[in-house]
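The data block below is run.cif; it holds mmCIF, C-alpha atoms.
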data_query
#
loop_
_atom_site.label_atom_id
_atom_site.label_comp_id
_atom_site.auth_asym_id
_atom_site.auth_seq_id
_atom_site.Cartn_x
_atom_site.Cartn_y
_atom_site.Cartn_z
CA MET A 17 5.54 -8.14 26.89
CA LYS A 18 7.47 -7.13 23.78
CA LEU A 19 9.44 -9.91 22.15
CA THR A 20 13.09 -9.50 21.19
CA ASN A 21 14.17 -10.00 17.58
CA GLU A 22 15.70 -13.33 18.53
CA GLU A 23 12.45 -14.49 20.12
CA LEU A 24 10.52 -13.28 17.07
CA ARG A 25 12.81 -15.25 14.75
CA GLU A 26 12.25 -18.41 16.79
CA LYS A 27 8.47 -18.00 16.74
CA ILE A 28 8.44 -17.16 13.02
CA ASN A 29 10.43 -20.30 12.26
CA GLU A 30 8.03 -22.34 14.41
CA TYR A 31 5.07 -21.01 12.40
CA LYS A 32 6.88 -21.68 9.13
CA LYS A 33 7.27 -25.33 10.12
CA LYS A 34 3.68 -25.61 11.35
CA LEU A 35 1.82 -23.78 8.56
CA SER A 36 1.61 -24.23 4.78
CA VAL A 37 3.26 -20.88 4.07
CA THR A 38 6.12 -19.56 1.98
CA VAL A 39 7.72 -16.29 3.02
CA VAL A 40 9.02 -14.25 0.10
CA ALA A 41 11.15 -11.13 0.57
CA HIS A 42 12.20 -8.42 -1.85
CA PHE A 43 15.84 -7.30 -2.05
CA TYR A 44 14.96 -3.91 -0.49
CA GLN A 45 13.60 -5.35 2.76
CA ARG A 46 15.41 -4.82 6.06
CA ASP A 47 18.15 -7.40 6.65
CA GLU A 48 16.34 -9.13 9.52
CA VAL A 49 13.20 -9.56 7.38
CA PHE A 50 15.11 -10.47 4.21
CA GLU A 51 16.90 -13.24 6.11
CA MET A 52 13.56 -14.88 6.94
CA GLY A 53 12.61 -15.23 3.26
CA ASP A 54 12.23 -18.71 1.79
CA ILE A 55 12.33 -17.05 -1.64
CA THR A 56 14.16 -13.77 -2.25
CA GLY A 57 14.60 -11.64 -5.32
CA ASP A 58 13.24 -8.76 -7.41
CA SER A 59 9.52 -8.13 -7.92
CA LEU A 60 8.77 -10.14 -11.09
CA GLU A 61 11.31 -12.79 -10.12
CA LEU A 62 9.38 -13.36 -6.89
CA ALA A 63 6.03 -13.57 -8.69
CA MET A 64 7.45 -16.15 -11.11
CA LYS A 65 9.12 -18.25 -8.41
CA THR A 66 6.00 -18.35 -6.24
CA LYS A 67 3.99 -19.63 -9.21
CA GLU A 68 5.71 -22.98 -8.75
CA ASP A 69 5.35 -22.97 -4.97
CA LYS A 70 2.95 -25.49 -3.42
CA SER A 71 2.17 -23.71 -0.14
CA ASP A 72 -1.37 -22.55 0.62
CA TYR A 73 -0.21 -19.06 1.58
CA VAL A 74 2.36 -16.68 0.11
CA VAL A 75 3.50 -14.21 2.76
CA PHE A 76 4.93 -11.36 0.69
CA CYS A 77 7.39 -9.00 2.36
CA GLY A 78 7.34 -6.11 -0.08
CA VAL A 79 4.85 -3.57 -1.40
CA GLY A 80 1.31 -3.83 -2.73
CA PHE A 81 1.83 -4.10 -6.49
CA MET A 82 4.20 -7.04 -5.91
CA GLY A 83 1.61 -8.96 -3.93
CA GLN A 84 -0.92 -8.17 -6.66
CA SER A 85 1.41 -9.61 -9.32
CA VAL A 86 1.55 -12.90 -7.41
CA LYS A 87 -2.24 -12.95 -7.15
CA VAL A 88 -2.70 -12.08 -10.83
CA LEU A 89 -0.34 -14.81 -12.04
CA SER A 90 -1.56 -17.34 -9.44
CA PRO A 91 -5.20 -16.45 -8.68
CA ASN A 92 -5.79 -19.61 -6.63
CA LYS A 93 -3.06 -18.73 -4.13
CA ARG A 94 -3.83 -16.82 -0.97
CA VAL A 95 -1.45 -13.88 -0.78
CA VAL A 96 -0.99 -11.86 2.41
CA MET A 97 1.37 -9.03 3.27
CA PRO A 98 2.88 -8.46 6.73
CA LYS A 99 2.49 -4.73 6.10
CA ALA A 100 -0.05 -3.13 3.78
CA ALA A 101 2.66 -0.93 2.26
CA CYS A 102 2.28 0.83 -1.09
CA CYS A 103 5.02 1.70 -3.56
CA ALA A 104 5.03 5.51 -3.91
CA MET A 105 5.64 5.30 -7.66
CA ALA A 106 2.78 2.85 -8.17
CA THR A 107 0.39 5.15 -6.32
CA MET A 108 1.23 8.04 -8.66
CA ILE A 109 -1.04 6.63 -11.35
CA ASP A 110 -4.46 4.97 -11.17
CA GLY A 111 -7.03 4.08 -13.81
CA MET A 112 -8.44 7.61 -14.03
CA GLN A 113 -5.00 9.15 -14.45
CA PHE A 114 -4.16 6.59 -17.12
CA ASP A 115 -7.34 7.51 -19.00
CA ALA A 116 -6.48 11.21 -18.63
CA SER A 117 -3.02 10.55 -20.13
CA VAL A 118 -4.57 8.81 -23.13
CA LYS A 119 -6.95 11.77 -23.52
CA THR A 120 -3.99 14.18 -23.54
CA LEU A 121 -2.46 12.20 -26.42
CA ASN A 122 -5.80 12.21 -28.25
CA GLU A 123 -5.97 16.00 -27.89
CA ALA A 124 -2.46 16.21 -29.38
CA GLY A 125 -3.77 14.46 -32.48
CA ILE A 126 -2.79 10.88 -31.59
CA PRO A 127 -5.84 8.55 -31.80
CA ASN A 128 -6.11 5.46 -29.61
CA GLU A 129 -5.28 3.15 -32.52
CA ASN A 130 -1.86 4.86 -32.77
CA ILE A 131 -1.04 4.46 -29.07
CA LEU A 132 0.63 1.40 -27.56
CA PRO A 133 0.90 1.63 -23.76
CA ILE A 134 3.68 -0.03 -21.79
CA THR A 135 3.56 -0.10 -18.01
CA TYR A 136 6.52 -0.66 -15.73
CA ILE A 137 5.80 -3.53 -13.36
CA ASN A 138 5.78 -0.94 -10.55
CA SER A 139 2.10 -0.19 -11.15
CA ASN A 140 -1.15 -1.47 -9.69
CA ALA A 141 -3.27 -4.21 -11.27
CA GLU A 142 -5.89 -1.71 -12.47
CA VAL A 143 -3.32 0.13 -14.59
CA LYS A 144 -1.90 -3.13 -15.93
CA ALA A 145 -5.43 -4.15 -16.95
CA LYS A 146 -6.09 -0.88 -18.78
CA VAL A 147 -2.76 -1.22 -20.59
CA ALA A 148 -3.71 -4.72 -21.73
CA GLN A 149 -7.10 -3.57 -22.98
CA MET A 150 -5.29 -1.17 -25.34
CA GLY A 151 -3.03 -3.95 -26.63
CA GLY A 152 -0.08 -3.12 -24.39
CA MET A 153 2.04 -5.03 -21.92
CA VAL A 154 4.22 -4.86 -18.81
CA CYS A 155 7.99 -4.40 -18.68
CA THR A 156 10.66 -4.59 -15.99
CA SER A 157 13.81 -2.50 -15.68
CA SER A 158 15.83 -5.40 -17.08
CA ASN A 159 13.70 -6.06 -20.18
CA ALA A 160 12.29 -2.57 -20.90
CA LYS A 161 14.54 -2.01 -23.91
CA LYS A 162 13.57 -5.37 -25.42
CA ILE A 163 9.85 -4.75 -24.80
CA ILE A 164 9.95 -1.24 -26.25
CA THR A 165 11.96 -2.40 -29.27
CA LYS A 166 9.28 -5.00 -30.00
CA ALA A 167 6.46 -2.54 -29.38
CA LEU A 168 7.90 0.03 -31.80
CA GLU A 169 7.67 -2.54 -34.61
CA GLU A 170 3.94 -1.77 -34.66
CA GLY A 171 4.71 1.79 -35.73
CA LYS A 172 2.81 3.37 -32.83
CA LYS A 173 3.59 5.97 -30.20
CA ILE A 174 4.63 4.42 -26.88
CA LEU A 175 2.80 5.68 -23.81
CA PHE A 176 5.14 4.68 -20.99
CA VAL A 177 3.81 4.66 -17.41
CA PRO A 178 4.46 5.41 -14.61
CA ASP A 179 8.26 6.01 -14.41
CA ARG A 180 9.45 8.89 -16.57
CA CYS A 181 13.12 8.17 -15.80
CA LEU A 182 13.07 4.56 -17.00
CA GLY A 183 11.17 5.59 -20.13
CA GLN A 184 13.56 8.44 -20.92
CA ASN A 185 16.67 6.36 -20.19
CA ILE A 186 15.53 3.64 -22.59
CA ALA A 187 14.72 6.28 -25.23
CA ASN A 188 18.22 7.73 -24.82
CA GLN A 189 19.81 4.28 -25.17
CA MET A 190 17.87 3.67 -28.37
CA GLY A 191 18.42 7.14 -29.86
CA LEU A 192 14.69 7.91 -29.70
CA LYS A 193 12.91 11.14 -28.85
CA SER A 194 10.98 11.19 -25.59
CA CYS A 195 8.86 13.65 -23.66
CA VAL A 196 7.04 13.80 -20.35
CA ILE A 197 3.33 14.58 -20.30
CA GLY A 198 2.95 18.17 -19.15
CA ASP A 199 6.53 19.31 -19.93
CA GLY A 200 5.37 21.57 -22.75
CA THR A 201 6.57 19.27 -25.53
CA ASN A 202 4.16 18.21 -28.27
CA PRO A 203 3.61 14.46 -27.67
CA ALA A 204 3.09 13.95 -31.41
CA GLU A 205 6.79 14.77 -31.90
CA ALA A 206 8.03 12.06 -29.51
CA ASP A 207 8.51 8.32 -29.96
CA ILE A 208 8.08 7.55 -26.25
CA ILE A 209 5.67 9.65 -24.20
CA CYS A 210 6.22 9.25 -20.47
CA PHE A 211 3.86 9.71 -17.56
CA ASN A 212 5.37 12.02 -14.93
CA GLY A 213 6.00 9.38 -12.24
CA PHE A 214 9.23 8.58 -10.43
CA CYS A 215 10.90 6.65 -7.61
CA SER A 216 11.58 8.96 -4.66
CA VAL A 217 14.59 6.88 -3.57
CA HIS A 218 16.31 6.98 -6.95
CA GLN A 219 15.75 10.75 -7.16
CA LEU A 220 18.18 11.18 -4.25
CA PHE A 221 21.29 10.59 -6.37
CA SER A 222 22.97 13.50 -8.10
CA VAL A 223 25.78 14.23 -10.56
CA ASP A 224 27.53 16.00 -7.67
CA ASP A 225 27.59 12.65 -5.82
CA ILE A 226 29.24 11.03 -8.84
CA ASN A 227 31.81 13.84 -9.12
CA PHE A 228 32.56 13.54 -5.39
CA TYR A 229 33.34 9.82 -5.61
CA ARG A 230 35.33 10.11 -8.85
CA LYS A 231 37.50 12.82 -7.25
CA LYS A 232 37.93 10.97 -3.94
CA TYR A 233 38.60 7.55 -5.47
CA PRO A 234 40.14 7.79 -8.97
CA GLY A 235 39.18 4.73 -10.99
CA ILE A 236 36.00 4.03 -9.01
CA LEU A 237 33.07 2.60 -10.96
CA ILE A 238 29.63 4.20 -10.76
CA VAL A 239 26.70 1.77 -10.95
CA VAL A 240 23.09 2.96 -10.97
CA HIS A 241 19.52 1.78 -11.49
CA PRO A 242 17.60 3.08 -14.55
CA GLU A 243 14.98 4.62 -12.24
CA CYS A 244 17.60 7.33 -11.68
CA ASP A 245 17.45 10.62 -13.57
CA PRO A 246 18.87 10.43 -17.13
CA ALA A 247 21.73 12.79 -16.17
CA ILE A 248 22.83 10.26 -13.53
CA CYS A 249 22.59 7.31 -15.91
CA ASP A 250 24.52 9.17 -18.62
CA ALA A 251 27.38 9.80 -16.17
CA ALA A 252 27.50 6.22 -14.81
CA ASP A 253 29.71 3.32 -15.88
CA PHE A 254 26.93 0.74 -15.63
CA VAL A 255 23.15 1.04 -15.60
CA GLY A 256 21.06 -2.01 -14.74
CA SER A 257 18.17 -3.57 -12.89
CA THR A 258 18.54 -4.82 -9.34
CA SER A 259 19.48 -8.33 -10.49
CA GLN A 260 21.85 -6.95 -13.13
CA ILE A 261 23.54 -4.71 -10.55
CA ILE A 262 24.05 -7.66 -8.19
CA LYS A 263 25.59 -9.78 -10.97
CA TYR A 264 27.82 -6.96 -12.22
CA ILE A 265 29.23 -6.17 -8.78
CA LYS A 266 29.74 -9.79 -7.78
CA GLU A 267 31.91 -10.26 -10.86
CA LEU A 268 34.17 -7.29 -10.03
CA PRO A 269 37.63 -7.86 -8.50
CA GLU A 270 37.47 -7.37 -4.74
CA GLU A 271 39.88 -4.44 -4.90
CA GLN A 272 37.72 -2.53 -7.42
CA LYS A 273 35.92 0.33 -5.71
CA VAL A 274 32.31 0.91 -6.73
CA ALA A 275 29.64 3.44 -5.75
CA VAL A 276 26.09 2.23 -6.21
CA GLY A 277 22.98 4.33 -6.83
CA THR A 278 20.07 2.26 -5.59
CA GLU A 279 18.25 1.33 -2.36
CA PHE A 280 20.45 1.24 0.75
CA ASN A 281 19.53 -2.23 2.08
CA LEU A 282 20.54 -3.84 -1.20
CA VAL A 283 23.81 -1.91 -1.46
CA ASN A 284 24.67 -2.63 2.16
CA ARG A 285 24.60 -6.40 1.64
CA LEU A 286 26.30 -6.56 -1.77
CA ARG A 287 29.85 -7.12 -0.54
CA PRO A 288 31.87 -6.16 2.57
CA LYS A 289 34.63 -4.02 1.02
CA ASN A 290 35.09 -1.21 -1.48
CA THR A 291 31.36 -0.65 -2.00
CA TYR A 292 29.80 2.74 -1.33
CA VAL A 293 26.30 4.21 -1.39
CA LEU A 294 26.14 6.91 -4.06
CA SER A 295 24.49 9.51 -1.85
CA SER A 296 25.19 11.91 0.97
CA THR A 297 21.95 10.73 2.60
CA LYS A 298 20.69 7.22 3.35
CA PRO A 299 18.57 6.15 0.34
CA GLU A 300 16.10 3.85 2.09
CA CYS A 301 12.73 3.09 0.55
CA PRO A 302 10.32 4.13 3.33
CA THR A 303 7.53 1.72 2.36
CA MET A 304 9.87 -1.23 1.83
CA ASN A 305 11.32 -0.57 5.27
CA GLU A 306 7.94 -0.55 7.01
CA THR A 307 7.87 -4.34 7.36
CA THR A 308 9.36 -5.59 10.62
CA LEU A 309 9.89 -8.98 12.25
CA GLN A 310 6.93 -8.14 14.50
CA ASP A 311 4.74 -7.65 11.40
CA LEU A 312 5.90 -10.97 9.97
CA TYR A 313 5.18 -12.72 13.26
CA ASP A 314 1.74 -11.08 13.49
CA ILE A 315 0.72 -12.14 9.98
CA LEU A 316 1.77 -15.75 10.57
CA LYS A 317 -0.10 -15.74 13.88
CA SER A 318 -3.22 -14.45 12.10
CA ILE A 319 -3.00 -17.29 9.55
CA ASP A 320 -2.66 -19.81 12.36
CA GLU A 321 -5.76 -18.34 14.01
CA GLY A 322 -7.75 -18.62 10.77
CA ALA A 323 -8.15 -14.87 10.23
CA PRO A 324 -5.30 -13.78 7.94
CA LEU A 325 -4.50 -10.06 7.87
CA ASN A 326 -3.80 -7.90 4.80
CA GLU A 327 -4.92 -10.44 2.22
CA ILE A 328 -4.58 -9.36 -1.41
CA HIS A 329 -7.74 -9.46 -3.53
CA VAL A 330 -8.02 -8.57 -7.23
CA ASP A 331 -11.44 -8.60 -8.90
CA GLU A 332 -11.92 -11.14 -11.68
CA GLU A 333 -12.04 -8.68 -14.61
CA THR A 334 -8.95 -6.76 -13.47
CA GLN A 335 -7.13 -10.02 -12.80
CA LYS A 336 -7.92 -11.31 -16.29
CA TRP A 337 -6.59 -8.26 -18.12
CA ALA A 338 -3.62 -7.64 -15.83
CA LYS A 339 -2.57 -11.24 -16.39
CA ILE A 340 -2.76 -10.69 -20.17
CA ALA A 341 -0.43 -7.68 -19.82
CA LEU A 342 2.06 -9.75 -17.84
CA GLU A 343 1.79 -12.78 -20.13
CA ARG A 344 2.43 -10.66 -23.22
CA MET A 345 5.72 -9.63 -21.64
CA LEU A 346 6.60 -13.18 -20.61
CA ALA A 347 5.90 -14.43 -24.14
CA LEU A 348 8.75 -12.22 -25.37
#

Any chance you could put this one into structure tokens?
Amino acid sequence: MKLTNEELREKINEYKKKLSVTVVAHFYQRDEVFEMGDITGDSLELAMKTKEDKSDYVVFCGVGFMGQSVKVLSPNKRVVMPKAACCAMATMIDGMQFDASVKTLNEAGIPNENILPITYINSNAEVKAKVAQMGGMVCTSSNAKKIITKALEEGKKILFVPDRCLGQNIANQMGLKSCVIGDGTNPAEADIICFNGFCSVHQLFSVDDINFYRKKYPGILIVVHPECDPAICDAADFVGSTSQIIKYIKELPEEQKVAVGTEFNLVNRLRPKNTYVLSSTKPECPTMNETTLQDLYDILKSIDEGAPLNEIHVDEETQKWAKIALERMLAL
């Protein structure tokens, strides 16, 4: 017999009281899942908060690289995911593709000693480890400019993976020249060389959407995430990470209209009035929306039965180097 959402909530709360578990939920999760989170936030924020948590199990409602980040920073914790979902951007690059990107730069006349890789946190542990082994580090959308500014002090070319949009947007902010591997540009002529990865959700927003809202609501503010295309970010009033977007909008007067270019679930719960989704379609992250209350119930049940599902494992060598990449960022 299929349980109703209300029955699932009751049983989930019973398991949470019975078991040594902490449920963490990313901002992009469905409302009913997000509401069950003991800790909520953005990806790195969640990894940092769970470091201090004393529960035996972290039940991570999000996507794979996020669960890996918890495991890398807290290797003694047992991390499970209600759904074995993968971030589409993170799957665009693996270790072999990273090596191939470095080889492309070598062939353009840039030796390894002149390359400093930076990986967006939306990447798997293997890529983070390879970045660390070349002296690089991780960044988030909120600290990318600071990380890149520091990295450029070494006088090297920045290889930025996997999100071309974030890399190009930061380059534009800093007045630097960027290119995307494979776009026909000579990498040796660029300061920041970007891997050709992207977020499918943030590709949904267009300049036409911005023009539509500005015409319909004169004086409206346009707020977008830096995973959007540079043309979108250039036309916006505010560009920021998930946490920065939340703060910015919460500080606006209630009567101020705002159209937001990021994931639907987040936008939908920002505030009840004068807030619009900057898209003619519904920009939902498909993998973030895979997790259901049934999945959360099932994973807690599996822990109670002593056979946890979807447990995150990172081999010791990868964990060591991926942690170095993250810690280099945190040290800044």

Produce a table with one row for each residue of stretch 234-297 of chain A that has an atom at most 12 Å from any atom of stretch 166-184 of chain A, each row naming the nearest atom pair and its distance in Å at one decimal; use all atoms listed in the file; arrange rows by chain and rising residue number; format as CSV.
residue,atom,partner,partner_atom,distance
A:Val240,CA,A:Leu182,CA,11.8
A:His241,CA,A:Leu182,CA,8.9
A:Pro242,CA,A:Leu182,CA,5.4
A:Glu243,CA,A:Leu182,CA,5.1
A:Cys244,CA,A:Cys181,CA,6.1
A:Asp245,CA,A:Cys181,CA,5.5
A:Pro246,CA,A:Cys181,CA,6.3
A:Ala247,CA,A:Cys181,CA,9.8
A:Ile248,CA,A:Cys181,CA,10.2
A:Cys249,CA,A:Cys181,CA,9.5
A:Asp250,CA,A:Gln184,CA,11.2
A:Val255,CA,A:Leu182,CA,10.8
A:Gly256,CA,A:Leu182,CA,10.6
A:Ser257,CA,A:Leu182,CA,10.4

Since we have the selection now, will you write its residues out, keeping C-alpha atoms, as a PDB file, in the coordinates of the input?
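See again-v1.pdb below for the written result:
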ATOM      1  CA  VAL A 240      23.090   2.960 -10.970  1.00  0.00           C
ATOM      2  CA  HIS A 241      19.520   1.780 -11.490  1.00  0.00           C
ATOM      3  CA  PRO A 242      17.600   3.080 -14.550  1.00  0.00           C
ATOM      4  CA  GLU A 243      14.980   4.620 -12.240  1.00  0.00           C
ATOM      5  CA  CYS A 244      17.600   7.330 -11.680  1.00  0.00           C
ATOM      6  CA  ASP A 245      17.450  10.620 -13.570  1.00  0.00           C
ATOM      7  CA  PRO A 246      18.870  10.430 -17.130  1.00  0.00           C
ATOM      8  CA  ALA A 247      21.730  12.790 -16.170  1.00  0.00           C
ATOM      9  CA  ILE A 248      22.830  10.260 -13.530  1.00  0.00           C
ATOM     10  CA  CYS A 249      22.590   7.310 -15.910  1.00  0.00           C
ATOM     11  CA  ASP A 250      24.520   9.170 -18.620  1.00  0.00           C
ATOM     12  CA  VAL A 255      23.150   1.040 -15.600  1.00  0.00           C
ATOM     13  CA  GLY A 256      21.060  -2.010 -14.740  1.00  0.00           C
ATOM     14  CA  SER A 257      18.170  -3.570 -12.890  1.00  0.00           C
TER      15      SER A 257
END

Please produce, as a tab-separated table, a per-residue contact table for stretch 235-285 of chain A versus stretch 296-318 of chain A (criterion: any atom at most 12 Å away, all atoms listed in the file considered), showing the nearest atom pair and its distance in Å to one decimal, sorted by chain then residue number.
residue	atom	partner	partner_atom	distance
A:Ala275	CA	A:Ser296	CA	11.7
A:Val276	CA	A:Pro299	CA	10.7
A:Gly277	CA	A:Pro299	CA	8.6
A:Thr278	CA	A:Pro299	CA	7.2
A:Glu279	CA	A:Pro299	CA	5.5
A:Phe280	CA	A:Glu300	CA	5.2
A:Asn281	CA	A:Glu300	CA	7.0
A:Leu282	CA	A:Glu300	CA	9.5
A:Val283	CA	A:Pro299	CA	9.8
A:Asn284	CA	A:Lys298	CA	10.7

Requested in this report: For atom CA of A:Asp58 and atom CA of A:Met150, determine how far apart the two atoms are, in Å to one decimal place.
Outcome: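 Interatomic distance, atom CA of A:Asp58 to atom CA of A:Met150: 26.9 Å.
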
Query raised in the report: What is the distance between atom CA of A:Leu60 and atom CA of A:Asn138, in Å to one decimal?
Result: 9.7 Å

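For the atom pair formed by atom CA of A:Gly213 and atom CA of A:Met108, the distance is 6.1 Å, given to one decimal.
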
Query raised in the report: In terms of the shortest atom-to-atom distance over all atoms listed in the file, which of A:Met52, A:Glu205, A:Ile238, A:His42 is closest to A:Glu30?
Result: A:Met52

Query - Non-local contacts of A:Met345 (9 Å; all atoms listed in the file; under 4 positions in same chain excluded) as an NGL selection string - result: :A and (153-155 or 159 or 163 or 340-341)

Report task. Name every residue that the PyMOL selection byres ((chain A and resi 76-84) around 7) selects in this structure, writing the answer as number ranges by chain with chains first and numbers rising. Result -> A: 39-42, 45, 59, 74-75, 85-88, 95-98, 100-103, 138-141, 304, 307, 328

Requested in this report: Could you check which of A:Gln113, A:Thr20, A:Asn130, A:Gln149 is closest to A:Trp337, using all atoms listed in the file?
Outcome: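 Going through A:Gln113, A:Thr20, A:Asn130, A:Gln149 one by one, the smallest distance to A:Trp337 is for A:Gln149.
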
Write only C-alpha atoms for stretch 212-237 of chain A from the block just shown, as a PDB file, in the first residue's frame.
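Dumped to part.pdb:
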ATOM      1  CA  ASN A 212      33.208  23.655 -22.207  1.00  0.00           C
ATOM      2  CA  GLY A 213      30.829  22.618 -19.401  1.00  0.00           C
ATOM      3  CA  PHE A 214      27.588  24.271 -18.336  1.00  0.00           C
ATOM      4  CA  CYS A 215      24.464  24.039 -16.170  1.00  0.00           C
ATOM      5  CA  SER A 216      21.481  22.992 -18.290  1.00  0.00           C
ATOM      6  CA  VAL A 217      19.052  24.832 -15.996  1.00  0.00           C
ATOM      7  CA  HIS A 218      20.883  28.150 -16.161  1.00  0.00           C
ATOM      8  CA  GLN A 219      21.093  27.877 -19.965  1.00  0.00           C
ATOM      9  CA  LEU A 220      17.303  28.272 -20.118  1.00  0.00           C
ATOM     10  CA  PHE A 221      17.364  32.021 -19.452  1.00  0.00           C
ATOM     11  CA  SER A 222      17.642  34.441 -22.353  1.00  0.00           C
ATOM     12  CA  VAL A 223      18.065  38.157 -23.038  1.00  0.00           C
ATOM     13  CA  ASP A 224      14.570  38.020 -24.560  1.00  0.00           C
ATOM     14  CA  ASP A 225      13.251  36.974 -21.128  1.00  0.00           C
ATOM     15  CA  ILE A 226      14.946  40.004 -19.574  1.00  0.00           C
ATOM     16  CA  ASN A 227      13.542  42.335 -22.237  1.00  0.00           C
ATOM     17  CA  PHE A 228      10.058  40.870 -21.714  1.00  0.00           C
ATOM     18  CA  TYR A 229      10.074  41.563 -17.975  1.00  0.00           C
ATOM     19  CA  ARG A 230      11.621  45.030 -18.310  1.00  0.00           C
ATOM     20  CA  LYS A 231       8.898  45.983 -20.809  1.00  0.00           C
ATOM     21  CA  LYS A 232       6.053  44.451 -18.780  1.00  0.00           C
ATOM     22  CA  TYR A 233       7.194  45.802 -15.404  1.00  0.00           C
ATOM     23  CA  PRO A 234       9.212  49.039 -15.734  1.00  0.00           C
ATOM     24  CA  GLY A 235      11.638  49.320 -12.839  1.00  0.00           C
ATOM     25  CA  ILE A 236      11.822  45.563 -12.219  1.00  0.00           C
ATOM     26  CA  LEU A 237      15.178  44.206 -11.059  1.00  0.00           C
TER      27      LEU A 237
END
